[in-house]
$ cat target09.cif   # mmCIF, C-alpha atoms
data_entry
loop_
_atom_site.label_atom_id
_atom_site.label_comp_id
_atom_site.auth_asym_id
_atom_site.auth_seq_id
_atom_site.Cartn_x
_atom_site.Cartn_y
_atom_site.Cartn_z
CA MET Q 1 7.02 42.34 7.05
CA ASN Q 2 7.91 38.67 7.73
CA ALA Q 3 9.24 37.09 10.93
CA GLN Q 4 12.81 38.07 10.07
CA GLY Q 5 11.72 41.67 9.50
CA ARG Q 6 12.28 41.45 5.74
CA GLN Q 7 9.62 42.84 3.41
CA LYS Q 8 8.00 40.16 1.23
CA THR Q 9 8.65 40.75 -2.44
CA TRP Q 10 7.46 39.18 -5.66
CA GLN Q 11 10.12 36.81 -6.89
CA ASP Q 12 10.47 35.21 -10.28
CA LEU Q 13 10.00 31.43 -10.10
CA ILE Q 14 9.55 29.70 -13.46
CA ALA Q 15 8.19 30.33 -16.95
CA VAL Q 16 4.65 29.05 -17.44
CA ALA Q 17 5.88 27.33 -20.60
CA ASP Q 18 8.33 25.31 -18.52
CA LEU Q 19 5.66 23.91 -16.20
CA GLU Q 20 4.54 20.31 -16.50
CA GLN Q 21 1.19 20.97 -18.12
CA GLY Q 22 -1.73 19.96 -15.90
CA ASP Q 23 0.65 18.58 -13.31
CA ALA Q 24 2.89 19.46 -10.37
CA THR Q 25 6.32 20.93 -11.11
CA PRO Q 26 9.12 20.95 -8.52
CA VAL Q 27 11.02 24.25 -8.37
CA MET Q 28 13.84 25.33 -6.06
CA LEU Q 29 13.89 28.95 -4.92
CA GLY Q 30 17.11 29.35 -3.01
CA ARG Q 31 16.91 26.56 -0.44
CA ARG Q 32 13.13 26.39 -0.59
CA GLU Q 33 11.49 23.44 -2.34
CA LEU Q 34 8.29 24.62 -3.96
CA ALA Q 35 5.53 22.82 -5.83
CA VAL Q 36 3.83 24.66 -8.69
CA PHE Q 37 0.43 23.18 -9.47
CA ASP Q 38 -1.12 23.75 -12.89
CA THR Q 39 -4.71 23.24 -11.73
CA VAL Q 40 -8.04 23.50 -13.54
CA ASP Q 41 -8.51 26.82 -11.71
CA GLY Q 42 -5.10 28.28 -12.51
CA ILE Q 43 -1.62 28.12 -11.07
CA PHE Q 44 -1.05 27.63 -7.33
CA VAL Q 45 2.18 27.28 -5.38
CA SER Q 46 2.90 25.56 -2.06
CA LEU Q 47 5.86 24.24 -0.13
CA ALA Q 48 6.67 20.95 -1.83
CA ARG Q 49 6.90 18.64 1.19
CA CYS Q 50 3.96 16.63 2.50
CA THR Q 51 2.99 17.79 5.99
CA HIS Q 52 2.63 14.14 7.08
CA GLY Q 53 5.60 12.14 5.85
CA ALA Q 54 7.69 14.95 4.29
CA ALA Q 55 7.83 13.32 0.86
CA ASN Q 56 8.10 15.58 -2.19
CA LEU Q 57 4.51 15.99 -3.39
CA CYS Q 58 5.59 16.79 -6.95
CA ASP Q 59 6.32 13.07 -7.46
CA GLY Q 60 2.72 12.20 -6.57
CA TYR Q 61 -0.45 11.75 -8.60
CA PHE Q 62 -2.21 14.99 -9.54
CA ASP Q 63 -5.72 15.10 -11.00
CA GLY Q 64 -5.92 18.83 -11.70
CA ARG Q 65 -7.37 19.65 -8.29
CA HIS Q 66 -5.84 17.34 -5.71
CA ILE Q 67 -2.27 16.26 -5.13
CA GLU Q 68 -1.69 12.82 -3.66
CA CYS Q 69 1.45 12.13 -1.63
CA PRO Q 70 3.66 9.55 -3.41
CA LEU Q 71 4.56 7.86 -0.13
CA HIS Q 72 1.27 7.28 1.72
CA GLN Q 73 -1.36 8.61 -0.72
CA GLY Q 74 -2.59 11.28 1.67
CA LEU Q 75 -4.53 13.92 -0.27
CA PHE Q 76 -4.43 17.74 -0.39
CA ASP Q 77 -6.43 20.28 -2.35
CA ALA Q 78 -3.67 21.92 -4.38
CA ARG Q 79 -5.69 25.16 -4.65
CA THR Q 80 -6.19 25.71 -0.93
CA GLY Q 81 -3.68 23.37 0.71
CA GLN Q 82 -6.44 21.78 2.78
CA PRO Q 83 -5.93 18.09 3.68
CA LYS Q 84 -8.62 15.94 2.06
CA ALA Q 85 -7.74 12.40 3.11
CA ALA Q 86 -5.73 10.61 5.81
CA PRO Q 87 -3.00 10.34 6.77
CA ALA Q 88 -2.72 14.02 5.75
CA ARG Q 89 -4.08 16.24 8.56
CA VAL Q 90 -2.08 19.47 8.51
CA PRO Q 91 -2.72 21.89 5.60
CA LEU Q 92 -0.03 22.60 3.05
CA ARG Q 93 1.63 25.98 3.39
CA MET Q 94 0.49 27.83 0.30
CA VAL Q 95 2.59 30.60 -1.21
CA GLU Q 96 0.90 33.58 -2.82
CA SER Q 97 1.56 33.52 -6.55
CA ARG Q 98 0.75 35.34 -9.79
CA VAL Q 99 1.61 35.12 -13.46
CA VAL Q 100 3.30 38.14 -15.06
CA ASP Q 101 4.51 38.16 -18.66
CA GLY Q 102 4.31 34.38 -18.89
CA ARG Q 103 6.28 33.79 -15.70
CA VAL Q 104 5.10 32.49 -12.35
CA GLN Q 105 6.03 34.77 -9.47
CA VAL Q 106 5.72 34.11 -5.73
CA LEU Q 107 5.43 36.53 -2.83
CA LEU Q 108 8.09 35.47 -0.39
CA MET H 1 6.62 18.41 10.31
CA ALA H 2 9.08 15.58 9.82
CA ALA H 3 12.43 16.27 8.17
CA PRO H 4 12.33 15.97 4.37
CA VAL H 5 12.69 12.36 3.30
CA LEU H 6 14.10 10.91 0.14
CA THR H 7 11.35 8.60 -1.03
CA PRO H 8 12.27 5.59 -3.16
CA ILE H 9 10.63 7.13 -6.22
CA THR H 10 12.54 10.39 -5.83
CA GLN H 11 15.70 8.31 -5.46
CA ALA H 12 14.87 6.39 -8.64
CA LEU H 13 14.21 9.66 -10.50
CA ASN H 14 17.48 11.12 -9.24
CA ASP H 15 19.30 7.95 -10.33
CA GLY H 16 17.77 8.23 -13.81
CA ALA H 17 16.07 4.82 -13.50
CA LEU H 18 13.02 6.47 -15.10
CA THR H 19 11.99 9.97 -16.10
CA ARG H 20 9.29 12.14 -14.54
CA LYS H 21 7.33 11.91 -17.78
CA GLU H 22 7.45 8.11 -17.67
CA LEU H 23 6.48 8.07 -13.99
CA LYS H 24 3.53 10.41 -14.51
CA ALA H 25 2.32 8.32 -17.47
CA LEU H 26 2.46 5.16 -15.34
CA MET H 27 0.52 6.85 -12.52
CA ARG H 28 -2.50 7.58 -14.71
CA ARG H 29 -5.70 6.30 -13.08
CA SER H 30 -8.76 4.66 -14.59
CA ASP H 31 -11.76 2.81 -13.20
CA TRP H 32 -11.88 0.33 -16.06
CA PRO H 33 -8.91 -2.05 -15.61
CA ALA H 34 -10.07 -2.90 -12.08
CA ALA H 35 -13.73 -3.12 -13.17
CA ARG H 36 -12.80 -5.57 -15.95
CA ARG H 37 -10.69 -7.63 -13.58
CA LEU H 38 -13.48 -7.68 -11.00
CA VAL H 39 -15.90 -9.14 -13.55
CA ILE H 40 -13.48 -12.04 -14.14
CA TRP H 41 -12.84 -12.20 -10.38
CA ILE H 42 -16.53 -12.62 -9.54
CA ALA H 43 -16.92 -15.19 -12.33
CA ALA H 44 -13.99 -17.14 -10.85
CA LEU H 45 -15.60 -16.97 -7.40
CA LEU H 46 -18.82 -18.35 -8.88
CA VAL H 47 -16.89 -21.22 -10.49
CA THR H 48 -14.97 -22.15 -7.33
CA GLY H 49 -18.12 -21.66 -5.24
CA SER H 50 -19.98 -24.01 -7.58
CA MET H 51 -17.26 -26.59 -7.01
CA ILE H 52 -18.12 -26.51 -3.30
CA TRP H 53 -21.83 -26.77 -4.03
CA LEU H 54 -21.33 -29.72 -6.39
CA SER H 55 -19.04 -31.57 -3.97
CA MET H 56 -21.09 -30.94 -0.81
CA GLY H 57 -21.59 -34.15 1.18
CA THR H 58 -18.46 -35.79 -0.20
CA TRP H 59 -14.80 -35.58 0.85
CA LEU H 60 -14.17 -33.52 -2.30
CA VAL H 61 -15.76 -30.53 -0.57
CA TRP H 62 -12.48 -30.00 1.31
CA PRO H 63 -10.22 -29.57 -1.75
CA ALA H 64 -13.01 -27.51 -3.32
CA MET H 65 -13.08 -25.21 -0.28
CA PHE H 66 -9.29 -24.98 -0.39
CA VAL H 67 -9.33 -23.85 -4.04
CA HIS H 68 -12.16 -21.39 -3.33
CA GLY H 69 -10.23 -20.25 -0.26
CA ILE H 70 -7.13 -19.43 -2.30
CA LEU H 71 -9.24 -17.02 -4.31
CA MET H 72 -10.96 -15.68 -1.19
CA VAL H 73 -7.74 -14.84 0.66
CA HIS H 74 -6.51 -12.98 -2.42
CA HIS H 75 -9.08 -10.31 -1.62
CA PHE H 76 -6.12 -9.09 0.39
CA SER H 77 -4.39 -8.13 -2.86
CA LEU H 78 -7.24 -5.90 -3.98
CA GLN H 79 -7.61 -4.44 -0.49
CA HIS H 80 -3.92 -3.65 -0.47
CA GLU H 81 -4.26 -1.82 -3.79
CA CYS H 82 -7.24 0.09 -2.39
CA VAL H 83 -5.16 1.18 0.60
CA HIS H 84 -3.02 3.01 -1.97
CA TYR H 85 -6.10 4.38 -3.83
CA THR H 86 -4.75 3.07 -7.13
CA PRO H 87 -7.20 0.51 -8.61
CA PHE H 88 -10.02 3.02 -9.18
CA LYS H 89 -9.73 6.59 -10.40
CA THR H 90 -12.93 7.37 -8.49
CA ARG H 91 -11.43 7.65 -5.03
CA TRP H 92 -14.46 6.53 -3.00
CA LEU H 93 -14.66 3.29 -4.99
CA ASN H 94 -11.32 2.35 -3.45
CA ASP H 95 -12.79 2.85 0.02
CA VAL H 96 -15.85 0.75 -0.81
CA ALA H 97 -13.87 -2.09 -2.41
CA GLY H 98 -11.22 -1.99 0.30
CA ASN H 99 -13.75 -2.22 3.11
CA ILE H 100 -15.62 -5.09 1.43
CA CYS H 101 -12.38 -7.02 0.89
CA GLY H 102 -11.33 -6.29 4.45
CA PHE H 103 -14.64 -7.61 5.77
CA ILE H 104 -14.23 -10.82 3.76
CA ILE H 105 -10.77 -11.54 5.18
CA ALA H 106 -11.19 -9.89 8.61
CA LEU H 107 -8.67 -7.13 7.97
CA PRO H 108 -10.06 -3.77 9.18
CA HIS H 109 -9.42 -1.36 6.34
CA GLN H 110 -8.74 1.89 8.26
CA TYR H 111 -6.40 0.17 10.67
CA PHE H 112 -4.60 -1.58 7.82
CA ARG H 113 -4.19 1.73 5.98
CA TYR H 114 -2.40 3.36 8.91
CA GLU H 115 -0.28 0.29 9.55
CA HIS H 116 0.63 0.02 5.88
CA CYS H 117 1.74 3.68 5.74
CA ASP H 118 4.44 2.90 8.29
CA HIS H 119 5.37 -0.26 6.41
CA HIS H 120 6.16 1.92 3.38
CA THR H 121 8.07 4.45 5.50
CA HIS H 122 10.20 1.89 7.32
CA THR H 123 10.18 -1.12 4.99
CA GLN H 124 12.00 -4.12 6.46
CA LEU H 125 13.59 -2.18 9.34
CA LYS H 126 13.40 -4.15 12.58
CA GLY H 127 11.61 -2.29 15.35
CA TYR H 128 10.09 0.21 12.92
CA ASP H 129 8.23 -1.69 10.17
CA PRO H 130 4.91 -2.79 11.75
CA GLU H 131 4.36 -5.41 9.05
CA LEU H 132 7.84 -6.88 9.20
CA ILE H 133 7.92 -10.67 9.16
CA GLU H 134 11.20 -11.73 10.69
CA LEU H 135 13.28 -14.42 9.02
CA PRO H 136 12.27 -17.50 11.06
CA ILE H 137 14.91 -19.05 13.30
CA SER H 138 14.19 -22.56 12.04
CA VAL H 139 12.28 -24.55 9.43
CA TRP H 140 9.74 -25.44 12.13
CA LYS H 141 9.11 -21.77 12.90
CA TYR H 142 8.80 -21.16 9.16
CA LEU H 143 6.13 -23.88 8.89
CA TRP H 144 4.44 -22.56 12.04
CA TYR H 145 4.13 -19.12 10.40
CA ILE H 146 2.69 -20.65 7.22
CA SER H 147 0.16 -22.62 9.29
CA SER H 148 -1.47 -19.20 9.96
CA VAL H 149 -2.05 -20.06 13.64
CA PRO H 150 0.12 -17.13 14.81
CA TYR H 151 -1.60 -14.87 12.27
CA TRP H 152 -5.12 -15.65 13.49
CA TRP H 153 -4.06 -15.50 17.14
CA ALA H 154 -2.60 -12.02 16.58
CA LYS H 155 -5.79 -11.01 14.78
CA ILE H 156 -8.03 -12.20 17.65
CA LYS H 157 -5.91 -10.20 20.10
CA GLU H 158 -5.98 -7.13 17.82
CA PHE H 159 -9.78 -7.27 17.41
CA SER H 160 -10.31 -7.81 21.16
CA ARG H 161 -8.07 -4.87 21.98
CA HIS H 162 -9.78 -2.49 19.59
CA ILE H 163 -13.29 -3.62 20.52
CA ALA H 164 -12.39 -2.88 24.14
CA GLY H 165 -11.14 0.58 23.11
CA HIS H 166 -7.44 -0.03 23.68
CA MET H 167 -4.44 0.69 21.48
CA SER H 168 -1.24 -1.28 21.96
CA GLU H 169 2.02 0.64 22.25
CA GLY H 170 2.87 -0.65 18.77
CA ASP H 171 -0.43 0.63 17.34
CA LYS H 172 0.12 4.06 18.90
CA VAL H 173 3.23 4.51 16.76
CA PHE H 174 1.28 4.57 13.50
CA VAL H 175 -2.37 5.28 14.40
CA PRO H 176 -2.84 9.02 15.08
CA LYS H 177 -4.94 9.89 18.14
CA GLU H 178 -7.58 11.47 15.90
CA ALA H 179 -8.16 8.06 14.33
CA TYR H 180 -8.46 5.98 17.52
CA GLN H 181 -12.27 6.07 17.60
CA ALA H 182 -12.51 5.19 13.89
CA VAL H 183 -10.27 2.16 14.46
CA PHE H 184 -12.23 1.08 17.57
CA TRP H 185 -15.61 1.43 15.88
CA GLU H 186 -14.39 -0.28 12.73
CA ALA H 187 -13.44 -3.36 14.81
CA ARG H 188 -16.74 -3.23 16.74
CA ILE H 189 -18.87 -2.96 13.59
CA MET H 190 -17.00 -5.77 11.85
CA ALA H 191 -17.19 -8.06 14.90
CA GLY H 192 -20.86 -7.16 15.34
CA LEU H 193 -21.64 -8.09 11.75
CA TYR H 194 -19.75 -11.39 12.03
CA ALA H 195 -21.67 -12.18 15.24
CA ALA H 196 -25.00 -11.24 13.63
CA ILE H 197 -24.31 -13.51 10.65
CA LEU H 198 -23.31 -16.37 12.99
CA ILE H 199 -26.46 -15.93 15.09
CA PHE H 200 -28.54 -15.87 11.89
CA CYS H 201 -26.89 -19.13 10.78
CA ILE H 202 -27.60 -20.78 14.14
CA ALA H 203 -31.18 -19.53 14.19
CA THR H 204 -32.05 -20.55 10.63
CA GLY H 205 -29.77 -23.52 10.04
CA TRP H 206 -28.51 -21.79 6.87
CA TRP H 207 -24.78 -22.42 6.94
CA ALA H 208 -23.66 -21.08 3.56
CA PRO H 209 -21.29 -18.47 5.13
CA LEU H 210 -19.46 -21.30 6.88
CA TRP H 211 -18.99 -23.41 3.75
CA TYR H 212 -18.46 -20.69 1.16
CA TRP H 213 -16.66 -18.08 3.24
CA TRP H 214 -15.26 -18.84 6.70
CA LEU H 215 -13.90 -22.36 6.20
CA PRO H 216 -12.42 -21.50 2.76
CA VAL H 217 -10.68 -18.41 4.21
CA LEU H 218 -9.22 -20.53 7.04
CA LEU H 219 -8.07 -23.20 4.56
CA GLY H 220 -6.67 -20.64 2.11
CA GLU H 221 -4.84 -18.38 4.56
CA PRO H 222 -1.69 -20.57 4.66
CA VAL H 223 -1.33 -19.92 0.92
CA MET H 224 -1.50 -16.17 1.54
CA ARG H 225 1.04 -16.49 4.38
CA TRP H 226 3.29 -18.49 2.00
CA ILE H 227 3.02 -15.71 -0.61
CA ARG H 228 3.49 -12.86 1.88
CA LEU H 229 6.78 -14.45 2.97
CA THR H 230 8.17 -13.92 -0.54
CA GLU H 231 7.88 -10.12 -0.48
CA HIS H 232 10.58 -9.20 2.04
CA VAL H 233 11.55 -12.25 4.13
CA GLY H 234 15.08 -13.37 3.37
CA ARG H 235 16.06 -9.94 2.12
CA PRO H 236 18.37 -7.77 4.25
CA ASN H 237 16.94 -5.52 6.99
CA VAL H 238 18.25 -2.34 5.36
CA ARG H 239 16.63 0.87 4.14
CA ASP H 240 17.87 0.45 0.57
CA MET H 241 14.81 -0.48 -1.49
CA ARG H 242 17.00 -2.14 -4.11
CA GLU H 243 17.93 -4.73 -1.47
CA ASN H 244 15.12 -5.07 1.06
CA THR H 245 12.29 -6.13 -1.26
CA ARG H 246 11.89 -9.00 -3.68
CA THR H 247 10.01 -8.94 -6.98
CA ASN H 248 8.86 -12.41 -8.00
CA LEU H 249 8.32 -13.33 -11.63
CA ILE H 250 5.27 -15.59 -11.63
CA SER H 251 2.76 -17.01 -14.11
CA ALA H 252 -0.07 -14.88 -15.50
CA PRO H 253 -2.83 -16.63 -13.47
CA LEU H 254 -0.92 -16.09 -10.21
CA ALA H 255 -0.23 -12.45 -11.15
CA PHE H 256 -3.96 -12.08 -11.82
CA LEU H 257 -4.74 -13.41 -8.35
CA SER H 258 -2.25 -11.06 -6.70
CA TRP H 259 -3.28 -7.99 -8.70
CA ASN H 260 0.36 -7.83 -9.92
CA MET H 261 1.65 -7.37 -6.39
CA ASN H 262 4.40 -9.85 -7.23
CA TYR H 263 6.08 -6.74 -8.70
CA HIS H 264 6.63 -5.83 -5.10
CA ALA H 265 9.86 -3.88 -5.36
CA GLU H 266 8.36 -1.76 -8.13
CA HIS H 267 5.30 -1.18 -5.95
CA HIS H 268 7.48 0.00 -3.08
CA TYR H 269 9.33 2.33 -5.42
CA ALA H 270 6.17 3.97 -6.70
CA ALA H 271 3.15 3.09 -4.59
CA SER H 272 1.02 5.51 -6.61
CA VAL H 273 1.38 3.39 -9.75
CA PRO H 274 -1.76 1.23 -10.26
CA PHE H 275 -1.56 -2.56 -10.46
CA HIS H 276 -2.16 -2.60 -14.22
CA ALA H 277 0.92 -0.41 -14.86
CA LEU H 278 3.30 -2.39 -12.63
CA PRO H 279 4.51 -4.70 -15.44
CA LYS H 280 5.54 -1.59 -17.42
CA LEU H 281 7.21 -0.10 -14.35
CA HIS H 282 9.04 -3.43 -13.98
CA GLU H 283 10.46 -2.99 -17.50
CA LYS H 284 11.62 0.52 -16.59
CA LEU H 285 13.24 -0.58 -13.33
CA ASP H 286 14.77 -3.74 -14.78
CA GLY H 287 18.24 -4.10 -13.30
CA TYR H 288 17.50 -1.49 -10.62
CA VAL H 289 15.49 -3.68 -8.22
CA TYR H 290 16.01 -7.19 -6.85
CA VAL H 291 14.17 -9.78 -8.94
CA GLU H 292 13.61 -13.48 -8.19
CA PRO H 293 13.22 -15.03 -11.66
CA ARG H 294 12.06 -18.39 -10.24
CA GLY H 295 9.01 -16.78 -8.64
CA TYR H 296 7.44 -17.73 -5.32
CA LEU H 297 9.15 -21.13 -5.34
CA GLY H 298 12.54 -19.52 -5.89
CA ALA H 299 11.90 -17.10 -3.04
CA HIS H 300 11.13 -20.01 -0.70
CA ILE H 301 14.21 -21.90 -1.84
CA ASP H 302 16.17 -18.75 -0.93
CA ILE H 303 14.48 -18.50 2.48
CA ILE H 304 14.87 -22.20 3.35
CA SER H 305 18.51 -22.14 2.20
CA GLN H 306 19.10 -19.45 4.80
CA LEU H 307 17.25 -21.41 7.47
CA ILE H 308 19.29 -24.59 6.97
CA GLY H 309 22.61 -22.77 6.73
CA ARG H 310 23.28 -23.20 3.04
CA LYS H 311 23.28 -19.42 2.61
CA PRO H 312 24.14 -16.61 5.06
CA ARG H 313 21.10 -15.33 6.94
CA SER H 314 19.86 -12.03 5.54
CA ASP H 315 19.15 -10.70 9.05
CA MET H 316 22.85 -10.92 9.83
CA GLN H 317 23.58 -8.37 7.11
CA GLY H 318 23.28 -4.59 7.15
CA GLU H 319 21.59 -2.51 9.83
CA SER H 320 20.11 -5.42 11.82
CA ALA H 321 23.51 -7.05 12.18
CA LYS H 322 24.76 -3.95 13.97
CA ALA H 323 21.86 -3.99 16.46
#
$ encode --input "target09.cif" --output "structure tokens"
Amino acid sequence: MNAQGRQKTWQDLIAVADLEQGDATPVMLGRRELAVFDTVDGIFVSLARCTHGAANLCDGYFDGRHIECPLHQGLFDARTGQPKAAPARVPLRMVESRVVDGRVQVLL
Amino acid sequence: MAAPVLTPITQALNDGALTRKELKALMRRSDWPAARRLVIWIAALLVTGSMIWLSMGTWLVWPAMFVHGILMVHHFSLQHECVHYTPFKTRWLNDVAGNICGFIIALPHQYFRYEHCDHHTHTQLKGYDPELIELPISVWKYLWYISSVPYWWAKIKEFSRHIAGHMSEGDKVFVPKEAYQAVFWEARIMAGLYAAILIFCIATGWWAPLWYWWLPVLLGEPVMRWIRLTEHVGRPNVRDMRENTRTNLISAPLAFLSWNMNYHAEHHYAASVPFHALPKLHEKLDGYVYVEPRGYLGAHIDIISQLIGRKPRSDMQGESAKA
């Protein structure tokens, strides 16, 4: 049950084939801006905005493990959301995800 | 968390100035372009340093130190790139190179990184951009800025403050509390090393740092101030990146010295694009950003024209005019 009392459900997000291979893909889910990371360890999803300057992380440099903010080059581990370099300090909010029948789904 | 912001690069993507695929290709990192450039850089330092050595004891040592100093103060350009973690793919190499450059020109790297973040967030906005250089009120004030006296005076005050463990109200805006001690200790370590080198010189009579480093940096700094004026000064104090920043088209040797930072508007659009890809980004953003085709000289003609009343002052346009 989430804060609004609604049960979290798996929601269809994007086809794996439509992802930017080895990179970060911006996806809107309703009004939510999500970032889908095609990492060396699989697919991970987080809220798309940097927790420091609120820039869209999908426009930043991604090396397969870490996403760098396009505005100030703060660094996050895209697999855990942990901040890895200043000015990033607050972790990214990760969203539980899975791949079913070639489609990325998120639990929201 | 701050409200979502529309970064310049997202704006450019939305406007179709370039595609995501093009942007991502331009962002690719490598250690090699910077390594190659550094080899030439060090060779150039050896050449200009040799000029000082050969002219020592004659009046020619002063022009030799000036030429060497121009190269020395351009360590700022590499340090600036390192602040953005773009010259080297190996991230820690950017920290190493940035700190070395910062030590050479007395610009503490951690402090500069935080300050520069806010410069990119609030580019050219009065009261918000911590690196904003205001359009001088007269030609004399313009020359006074280029003299570098105000620059060094501000630096002495900044070092003294941080060594004493104080943050100014201006610093507190962009340096997070968690980083205060890092900034204080960075200033203390740098000042301590400078003092140790000076004491060593006095004790041994070996004055090479003075002739090959400190005097050249002092002589060269006005050139760096002259170049830094061309980036934003004389452009309107507005948020629109197409207006507030100037790209200067300059000769290949000057672009080499500045690590392509003359493509300044392109850099502000996509700060994650490394120096070696900025000329290609310039081609993509051609017509989208403000370009001064006459280079640094043209930028100064523009600035001076505003100072002597031949052109309207840029600080009387846009958001600053309403203040």
$ closest_atom_pairs --input "target09.cif" --of "chain H" --to "chain Q" --cutoff "8 Å" --atoms "all atoms listed in the file" --output "Markdown table"
| residue | atom | partner | partner_atom | distance |
| --- | --- | --- | --- | --- |
| H:Met1 | CA | Q:Thr51 | CA | 5.7 |
| H:Ala2 | CA | Q:Ala54 | CA | 5.7 |
| H:Ala3 | CA | Q:Ala54 | CA | 6.3 |
| H:Pro4 | CA | Q:Ala54 | CA | 4.8 |
| H:Val5 | CA | Q:Ala55 | CA | 5.5 |
| H:Leu6 | CA | Q:Ala55 | CA | 6.8 |
| H:Thr7 | CA | Q:Ala55 | CA | 6.2 |
| H:Ile9 | CA | Q:Asp59 | CA | 7.4 |
| H:Thr10 | CA | Q:Asp59 | CA | 7.0 |
| H:Arg20 | CA | Q:Asp59 | CA | 7.7 |
| H:Lys24 | CA | Q:Tyr61 | CA | 7.3 |
| H:Met27 | CA | Q:Tyr61 | CA | 6.3 |
| H:Arg28 | CA | Q:Tyr61 | CA | 7.7 |
| H:His84 | CA | Q:Gln73 | CA | 6.0 |
| H:Tyr85 | CA | Q:Gln73 | CA | 7.1 |
| H:Tyr114 | CA | Q:Pro87 | CA | 7.3 |
| H:Cys117 | CA | Q:His72 | CA | 5.4 |
| H:His120 | CA | Q:Leu71 | CA | 7.1 |
| H:Thr121 | CA | Q:Leu71 | CA | 7.5 |
| H:Ala270 | CA | Q:Pro70 | CA | 6.9 |
| H:Ala271 | CA | Q:Pro70 | CA | 6.6 |
| H:Ser272 | CA | Q:Pro70 | CA | 5.8 |
$ resolve_selection --input "target09.cif" --expression "the PyMOL selection byres ((chain Q and resi 15) around 10)" --output "VMD selection string"
chain Q and resid 12 to 14 16 to 19 99 to 105
$ atom_distance --input "target09.cif" --atom1 "atom CA of Phe159 of chain H" --atom2 "atom CA of Val183 of chain H"
9.9 Å
$ closest_residue --input "target09.cif" --among "H:Ala187, H:Leu135, H:Val289, H:Leu257" --to "Pro312 of chain H" --atoms "only C-alpha atoms"
H:Leu135
$ resolve_selection --input "target09.cif" --expression "the PyMOL selection byres ((chain H and resi 58-69) around 7)" --output "list in words"
Leu45, Thr48, Gly49, Met51, Ile52, Ser55, Met56, Gly57, Ile70, Leu71, Met72, Val73, Pro216, Val217, Leu219 and Gly220 of chain H
$ residues_around --input "target09.cif" --residues "segment 262-264 of chain H" --least-positions-apart "4" --cutoff "8 Å" --atoms "only C-alpha atoms" --output "list in words"
Glu231, Thr245, Arg246, Thr247, Asn248, Leu249, Ile250, Ala255, Ser258, His268, Leu278, Pro279 and His282 of chain H
$ residues_around --input "target09.cif" --residues "Thr9 of chain Q" --least-positions-apart "4" --cutoff "8 Å" --atoms "all atoms listed in the file" --output "PyMOL selection string"
chain Q and resi 106-108
$ residues_around --input "target09.cif" --residues "Ile301 of chain H" --least-positions-apart "3" --cutoff "12 Å" --atoms "only C-alpha atoms" --output "MDAnalysis selection string"
chainID H and resid 139 229:230 233:234 292 294:298 304:308 310:311
$ residues_around --input "target09.cif" --residues "Arg65 of chain Q" --least-positions-apart "6" --cutoff "8 Å" --atoms "all atoms listed in the file" --output "PDB file with C-alpha atoms, in the frame of the given file"
ATOM      1  CA  THR Q  39      -4.710  23.240 -11.730  1.00  0.00           C
ATOM      2  CA  VAL Q  40      -8.040  23.500 -13.540  1.00  0.00           C
ATOM      3  CA  ASP Q  77      -6.430  20.280  -2.350  1.00  0.00           C
ATOM      4  CA  ALA Q  78      -3.670  21.920  -4.380  1.00  0.00           C
ATOM      5  CA  ARG Q  79      -5.690  25.160  -4.650  1.00  0.00           C
TER       6      ARG Q  79
END
$ resolve_selection --input "target09.cif" --expression "the PyMOL selection byres ((chain H and resi 12) around 12)" --output "ChimeraX atom specification"
/Q:59 /H:6-11,13-20,22-23,240-242,265-266,268-270,281,284-289
$ build_atoms --input "target09.cif" --residues "segment 44-52 of chain Q" --atoms "N, CA and C atoms" --output "JSON list (two decimals), in the coordinates of the input"
[["chain", "number", "residue", "atom", "x", "y", "z"],
["Q", 44, "PHE", "N", -1.17, 27.47, -8.78],
["Q", 44, "PHE", "CA", -1.05, 27.63, -7.33],
["Q", 44, "PHE", "C", 0.31, 27.09, -6.91],
["Q", 45, "VAL", "N", 0.85, 27.68, -5.85],
["Q", 45, "VAL", "CA", 2.18, 27.28, -5.38],
["Q", 45, "VAL", "C", 2.11, 26.96, -3.88],
["Q", 46, "SER", "N", 2.81, 25.90, -3.49],
["Q", 46, "SER", "CA", 2.90, 25.56, -2.06],
["Q", 46, "SER", "C", 4.32, 25.08, -1.77],
["Q", 47, "LEU", "N", 4.62, 24.94, -0.48],
["Q", 47, "LEU", "CA", 5.86, 24.24, -0.13],
["Q", 47, "LEU", "C", 5.70, 22.82, -0.63],
["Q", 48, "ALA", "N", 6.78, 22.21, -1.09],
["Q", 48, "ALA", "CA", 6.67, 20.95, -1.83],
["Q", 48, "ALA", "C", 6.53, 19.71, -0.94],
["Q", 49, "ARG", "N", 6.87, 19.85, 0.35],
["Q", 49, "ARG", "CA", 6.90, 18.64, 1.19],
["Q", 49, "ARG", "C", 5.55, 18.35, 1.83],
["Q", 50, "CYS", "N", 5.19, 17.08, 1.85],
["Q", 50, "CYS", "CA", 3.96, 16.63, 2.50],
["Q", 50, "CYS", "C", 4.06, 16.94, 3.99],
["Q", 51, "THR", "N", 2.98, 17.44, 4.57],
["Q", 51, "THR", "CA", 2.99, 17.79, 5.99],
["Q", 51, "THR", "C", 2.89, 16.56, 6.89],
["Q", 52, "HIS", "N", 2.68, 15.38, 6.29],
["Q", 52, "HIS", "CA", 2.63, 14.14, 7.08],
["Q", 52, "HIS", "C", 3.97, 13.43, 7.08]]
